[in-house]
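A.B. asks: Have a look at this one.
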Amino acid sequence: MDDPLLIAGREFRSRLITGTGGAANLSVLERALVASGTELTTVAMRRVDSAGQTGVLELLRRLGIEVLPNTAGCRTSAEAVLTAQLAREALETNWVKLEVVHDEETLLPDPVELLDAAERLVDDGFVVLPYTNDDPVLARKLEDIGCATVMPLGSPIGTGLGIRNPHNIELITSRASVPVVLDAGIGTASDAALAMELGCSAVLLATAVTRADDPERMAAAMRCAVEGGRLARLAGRIPQRFWAQASSPSR
Amino acid sequence: MKAQVNGTSRDLADGTSVAAVVSLVGAPEKGVAVALDGAVVPRALWDKTIVPDGGVVEVLTAVQGG
């Protein structure tokens with residue numbers, strides 16, 4: 001069945017977007033990326049002399065996976081805009097996963113700084129994929145100013161707490177005219193399936209795979225979960241009932 | 001003269017270019033970008049752009065993350 005994900009006019013067959021953070025080493029990451037079937041993967045921008053420098057770009061190029069730079073670590077609109085501009089220069093892409101977080105304990109998006117940065121980057125010609133709170137009003141505003149997706153969190157980054165407010169996610173997906181990507185908080189396959197059942201167009205995750213006991217196997221699980229959840233959403237689930245309803249004929 | 005390079009104070013010869021700073025920090029050939037005093041310096045201008053006294057240079061690349 002042909003059911004591509006469309007972001008800013010670009011088609012993806014996989015609805016699973018992955019991050020690269022947290023993997024023990026590049027060979028573990030490579031096996032997980034391949035098993036996930038992903039076609040779009042995030043990287044962070046850091047100082048050249050900082051720890052954690054790796055051949056991650058070379059790996060993604062070899063696997064034919066598109067690079068999606070993020071603005072992780074930025075706390076203000078100005079920082080995020082500069083980081084996005086540096087990423088565009090370094091990686092020759094105008095796509096950016098926009099992250100502007102408020103504090104280290106929660107890593108929750110700062111809505112005021114986020115909206116400001118999104119507006120500036122859209123004006124500067126970027127394809128902006130903002131990581132946002134599970135707030136239907138903010139999601140609408142991000143869409144209105146021209147973001148290519150909205151990417152609400154299920155729960156805080158790295159917690160694996162799943163989707164804490166499914167109703168908000170459904171409110172967002174029911175009104176959005178751009179793809180909604182569930183970003184952050186996924187812990188296991190059922191969380192990813194739920195995101196798709198709630199009408200998300202894709203799921204973005206990293207920790208759930210890279211820090212699993214067996215990242216390659218969890219990546220495969222996430223791939224199946226996203227596909228299963230998408231099919232279930234398109235198939236149209238039965239309404240929930242209070243009383244039993246026999247599925248066998250009564251005579 | 002002195003400049004801040006990736007958060008560290010460095011003594012640089014007068015007239016040091018951005019390109020020279022990039023090689024000083026051991027940046028890889030590809031996937032690198034530079035900001036000078038908070039603005040991106042396009043790669044094509046690295047040779048011509050001189051780091052001023054007290055300048056703040058950030059040399060960034062992509063790493064695993066997100």
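Residues are referred to by chain and number: the chain letter is A, B, ... according to the order shown in the structure tokens, the number counts from 1 in that chain, and ligands are numbered separately from 1 in the order shown.
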List every residue of chain A that has an atom at most 8 Å from any atom of chain B, and for each one report the closest atom pair and its distance in Å to one decimal, counting only C-alpha atoms, with rows sorted by chain and then by increasing residue number, as a Markdown table.

C.D. replies:
| residue | atom | partner | partner_atom | distance |
| --- | --- | --- | --- | --- |
| A:Gly19 | CA | B:Gly66 | CA | 4.8 |
| A:Thr20 | CA | B:Gln64 | CA | 4.9 |
| A:Gly21 | CA | B:Gly65 | CA | 3.7 |
| A:Gly22 | CA | B:Gly65 | CA | 7.3 |
| A:Thr42 | CA | B:Gly66 | CA | 5.7 |
| A:Val43 | CA | B:Gly65 | CA | 4.9 |
| A:Ala44 | CA | B:Gly65 | CA | 4.7 |
| A:Met45 | CA | B:Ala62 | CA | 4.6 |
| A:Arg46 | CA | B:Leu60 | CA | 5.2 |
| A:Arg47 | CA | B:Leu60 | CA | 4.4 |
| A:Val48 | CA | B:Leu60 | CA | 5.2 |
| A:Asp49 | CA | B:Val25 | CA | 6.6 |
| A:Gly52 | CA | B:Val63 | CA | 6.6 |
| A:Gln53 | CA | B:Val63 | CA | 5.4 |
| A:Thr54 | CA | B:Val63 | CA | 6.1 |
| A:Gly55 | CA | B:Val63 | CA | 7.8 |
| A:Val56 | CA | B:Gln64 | CA | 6.3 |
| A:Leu57 | CA | B:Ala62 | CA | 7.0 |
| A:Pro69 | CA | B:Ala62 | CA | 7.7 |
| A:Asn70 | CA | B:Gly66 | CA | 6.9 |
| A:Ala72 | CA | B:Gly66 | CA | 6.8 |
| A:Leu82 | CA | B:Ala39 | CA | 7.1 |
| A:Gln85 | CA | B:Val40 | CA | 6.9 |
| A:Leu86 | CA | B:Ala33 | CA | 5.4 |
| A:Ala87 | CA | B:Ala33 | CA | 7.0 |
| A:Glu89 | CA | B:Ala33 | CA | 5.8 |
| A:Ala90 | CA | B:Gly31 | CA | 4.5 |
| A:Leu91 | CA | B:Gly31 | CA | 5.3 |
| A:Ala206 | CA | B:Gly66 | CA | 6.7 |

A.B. asks: Near A:Ser155, counting only C-alpha atoms, which residues have an atom at most 8 Å away, once you skip same-chain residues fewer than 5 positions from it, shown as number ranges by chain?

C.D. replies: A: 160-164, 184-186

A.B. asks: Let me see the file: selected residues, all heavy atoms, as an mmCIF file, in the first residue's frame.

C.D. replies:
data_model
loop_
_atom_site.group_PDB
_atom_site.id
_atom_site.type_symbol
_atom_site.label_atom_id
_atom_site.label_comp_id
_atom_site.auth_asym_id
_atom_site.auth_seq_id
_atom_site.Cartn_x
_atom_site.Cartn_y
_atom_site.Cartn_z
ATOM 1 N N GLY A 160 10.834 8.074 28.737
ATOM 2 C CA GLY A 160 10.158 6.820 28.415
ATOM 3 C C GLY A 160 8.796 6.692 29.074
ATOM 4 O O GLY A 160 8.287 5.577 29.251
ATOM 5 N N LEU A 161 8.195 7.824 29.441
ATOM 6 C CA LEU A 161 6.893 7.807 30.125
ATOM 7 C C LEU A 161 5.718 7.694 29.153
ATOM 8 O O LEU A 161 4.564 7.699 29.580
ATOM 9 C CB LEU A 161 6.735 9.064 30.994
ATOM 10 C CG LEU A 161 7.611 9.101 32.253
ATOM 11 C CD1 LEU A 161 7.548 10.471 32.911
ATOM 12 C CD2 LEU A 161 7.182 8.015 33.231
ATOM 13 N N GLY A 162 6.003 7.615 27.882
ATOM 14 C CA GLY A 162 4.945 7.422 26.898
ATOM 15 C C GLY A 162 4.131 8.686 26.659
ATOM 16 O O GLY A 162 4.639 9.801 26.824
ATOM 17 N N ILE A 163 2.885 8.529 26.268
ATOM 18 C CA ILE A 163 2.025 9.669 25.936
ATOM 19 C C ILE A 163 1.143 9.965 27.143
ATOM 20 O O ILE A 163 0.218 9.229 27.439
ATOM 21 C CB ILE A 163 1.192 9.362 24.676
ATOM 22 C CG1 ILE A 163 2.140 9.102 23.495
ATOM 23 C CG2 ILE A 163 0.247 10.523 24.370
ATOM 24 C CD1 ILE A 163 1.458 8.644 22.232
ATOM 25 N N ARG A 164 1.485 11.054 27.863
ATOM 26 C CA ARG A 164 0.808 11.353 29.117
ATOM 27 C C ARG A 164 -0.537 12.012 28.910
ATOM 28 O O ARG A 164 -1.383 11.979 29.785
ATOM 29 C CB ARG A 164 1.677 12.281 30.002
ATOM 30 C CG ARG A 164 3.040 11.742 30.303
ATOM 31 C CD ARG A 164 2.988 10.361 30.876
ATOM 32 N NE ARG A 164 2.667 10.347 32.315
ATOM 33 C CZ ARG A 164 2.696 9.262 33.081
ATOM 34 N NH1 ARG A 164 3.013 8.090 32.554
ATOM 35 N NH2 ARG A 164 2.404 9.344 34.342
ATOM 36 N N ALA A 184 9.483 12.659 21.450
ATOM 37 C CA ALA A 184 9.936 12.587 22.851
ATOM 38 C C ALA A 184 8.971 11.839 23.757
ATOM 39 O O ALA A 184 7.756 11.993 23.671
ATOM 40 C CB ALA A 184 10.201 13.961 23.452
ATOM 41 N N GLY A 185 9.554 11.042 24.623
ATOM 42 C CA GLY A 185 8.799 10.343 25.651
ATOM 43 C C GLY A 185 8.470 8.894 25.339
ATOM 44 O O GLY A 185 8.032 8.149 26.213
ATOM 45 N N ILE A 186 8.672 8.485 24.073
ATOM 46 C CA ILE A 186 8.373 7.094 23.715
ATOM 47 C C ILE A 186 9.272 6.159 24.537
ATOM 48 O O ILE A 186 10.485 6.364 24.626
ATOM 49 C CB ILE A 186 8.634 6.867 22.202
ATOM 50 C CG1 ILE A 186 7.720 7.746 21.345
ATOM 51 C CG2 ILE A 186 8.500 5.384 21.859
ATOM 52 C CD1 ILE A 186 6.282 7.345 21.306
#

A.B. asks: So how far away is atom CA of A:Cys200 from atom CA of A:Trp95, in Å?

C.D. replies: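 Spanning atom CA of A:Trp95 to atom CA of A:Cys200 is a straight-line distance of 19.9 Å.
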
A.B. asks: One number please: atom CA of A:His102 to atom CA of B:Gly55, in Å, one decimal.

C.D. replies: 28.2 Å

A.B. asks: Give me, as number ranges by chain, all polymer residues having an atom no more than 6 Å from B:Trp46, counting only C-alpha atoms and skipping those fewer than 2 positions away in the same chain.

C.D. replies: B: 18-19, 43-44, 48-49

A.B. asks: Given the selection you just returned, output its residues as a file containing N, CA, C and O atoms, formatted as a compact mmCIF listing (two decimals), in the first residue's frame.

C.D. replies:
# COMPACT_ATOMS: atom_id res chain seq x y z
N VAL B 18 39.89 33.30 9.81
CA VAL B 18 38.96 32.27 10.29
C VAL B 18 39.43 30.89 9.82
O VAL B 18 39.38 29.92 10.57
N ALA B 19 39.90 30.81 8.57
CA ALA B 19 40.37 29.53 8.04
C ALA B 19 41.50 28.97 8.91
O ALA B 19 41.56 27.75 9.17
N ARG B 43 31.64 29.57 4.38
CA ARG B 43 32.92 28.91 4.10
C ARG B 43 33.75 29.70 3.08
O ARG B 43 34.98 29.79 3.21
N ALA B 44 33.09 30.24 2.08
CA ALA B 44 33.80 30.96 1.01
C ALA B 44 34.54 32.19 1.54
O ALA B 44 35.44 32.71 0.87
N LYS B 48 39.32 35.13 3.84
CA LYS B 48 39.38 36.61 3.82
C LYS B 48 39.03 37.23 5.16
O LYS B 48 39.33 38.39 5.39
N THR B 49 38.33 36.46 6.01
CA THR B 49 37.83 37.05 7.24
C THR B 49 38.88 36.97 8.35
O THR B 49 39.33 35.88 8.70

A.B. asks: Counting only C-alpha atoms, which of B:Ser17, B:Gln4, B:Arg10, B:Leu24 gets nearest to B:Val51?

C.D. replies: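 The closest residue to B:Val51 is B:Ser17.
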
A.B. asks: Using only C-alpha atoms, determine which residues lie at most 8 Å from A:Ala32, disregarding the query and same-chain residues fewer than 6 positions distant; provide the list as a PyMOL selection string.

C.D. replies: chain A and resi 209-210+215-220

A.B. asks: May I have the residues from that selection written out with N, CA, C and O atoms, as a JSON list (two decimals), in the first residue's frame?

C.D. replies:
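Output file result-v1.json follows:
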[["chain", "number", "residue", "atom", "x", "y", "z"],
["A", 209, "VAL", "N", 15.31, 3.50, 21.68],
["A", 209, "VAL", "CA", 16.07, 2.51, 20.91],
["A", 209, "VAL", "C", 17.53, 2.46, 21.36],
["A", 209, "VAL", "O", 18.05, 1.41, 21.70],
["A", 210, "THR", "N", 18.17, 3.63, 21.41],
["A", 210, "THR", "CA", 19.63, 3.61, 21.62],
["A", 210, "THR", "C", 20.01, 3.12, 23.01],
["A", 210, "THR", "O", 21.10, 2.58, 23.20],
["A", 215, "PRO", "N", 19.37, -2.53, 21.12],
["A", 215, "PRO", "CA", 18.89, -1.43, 20.26],
["A", 215, "PRO", "C", 18.40, -1.89, 18.89],
["A", 215, "PRO", "O", 17.39, -1.38, 18.39],
["A", 216, "GLU", "N", 19.08, -2.85, 18.30],
["A", 216, "GLU", "CA", 18.69, -3.29, 16.96],
["A", 216, "GLU", "C", 17.28, -3.91, 16.99],
["A", 216, "GLU", "O", 16.44, -3.60, 16.15],
["A", 217, "ARG", "N", 17.05, -4.75, 17.99],
["A", 217, "ARG", "CA", 15.75, -5.40, 18.08],
["A", 217, "ARG", "C", 14.65, -4.38, 18.43],
["A", 217, "ARG", "O", 13.55, -4.45, 17.90],
["A", 218, "MET", "N", 14.96, -3.43, 19.30],
["A", 218, "MET", "CA", 13.96, -2.40, 19.64],
["A", 218, "MET", "C", 13.67, -1.51, 18.44],
["A", 218, "MET", "O", 12.53, -1.09, 18.23],
["A", 219, "ALA", "N", 14.68, -1.26, 17.63],
["A", 219, "ALA", "CA", 14.46, -0.46, 16.41],
["A", 219, "ALA", "C", 13.50, -1.18, 15.48],
["A", 219, "ALA", "O", 12.59, -0.57, 14.89],
["A", 220, "ALA", "N", 13.67, -2.49, 15.37],
["A", 220, "ALA", "CA", 12.75, -3.28, 14.53],
["A", 220, "ALA", "C", 11.34, -3.25, 15.12],
["A", 220, "ALA", "O", 10.35, -3.15, 14.39]]

A.B. asks: Work out how far apart atom CA of A:Asp135 and atom CA of A:Glu99 are and give it in Å to one decimal.

C.D. replies: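 A separation of 15.3 Å between them.
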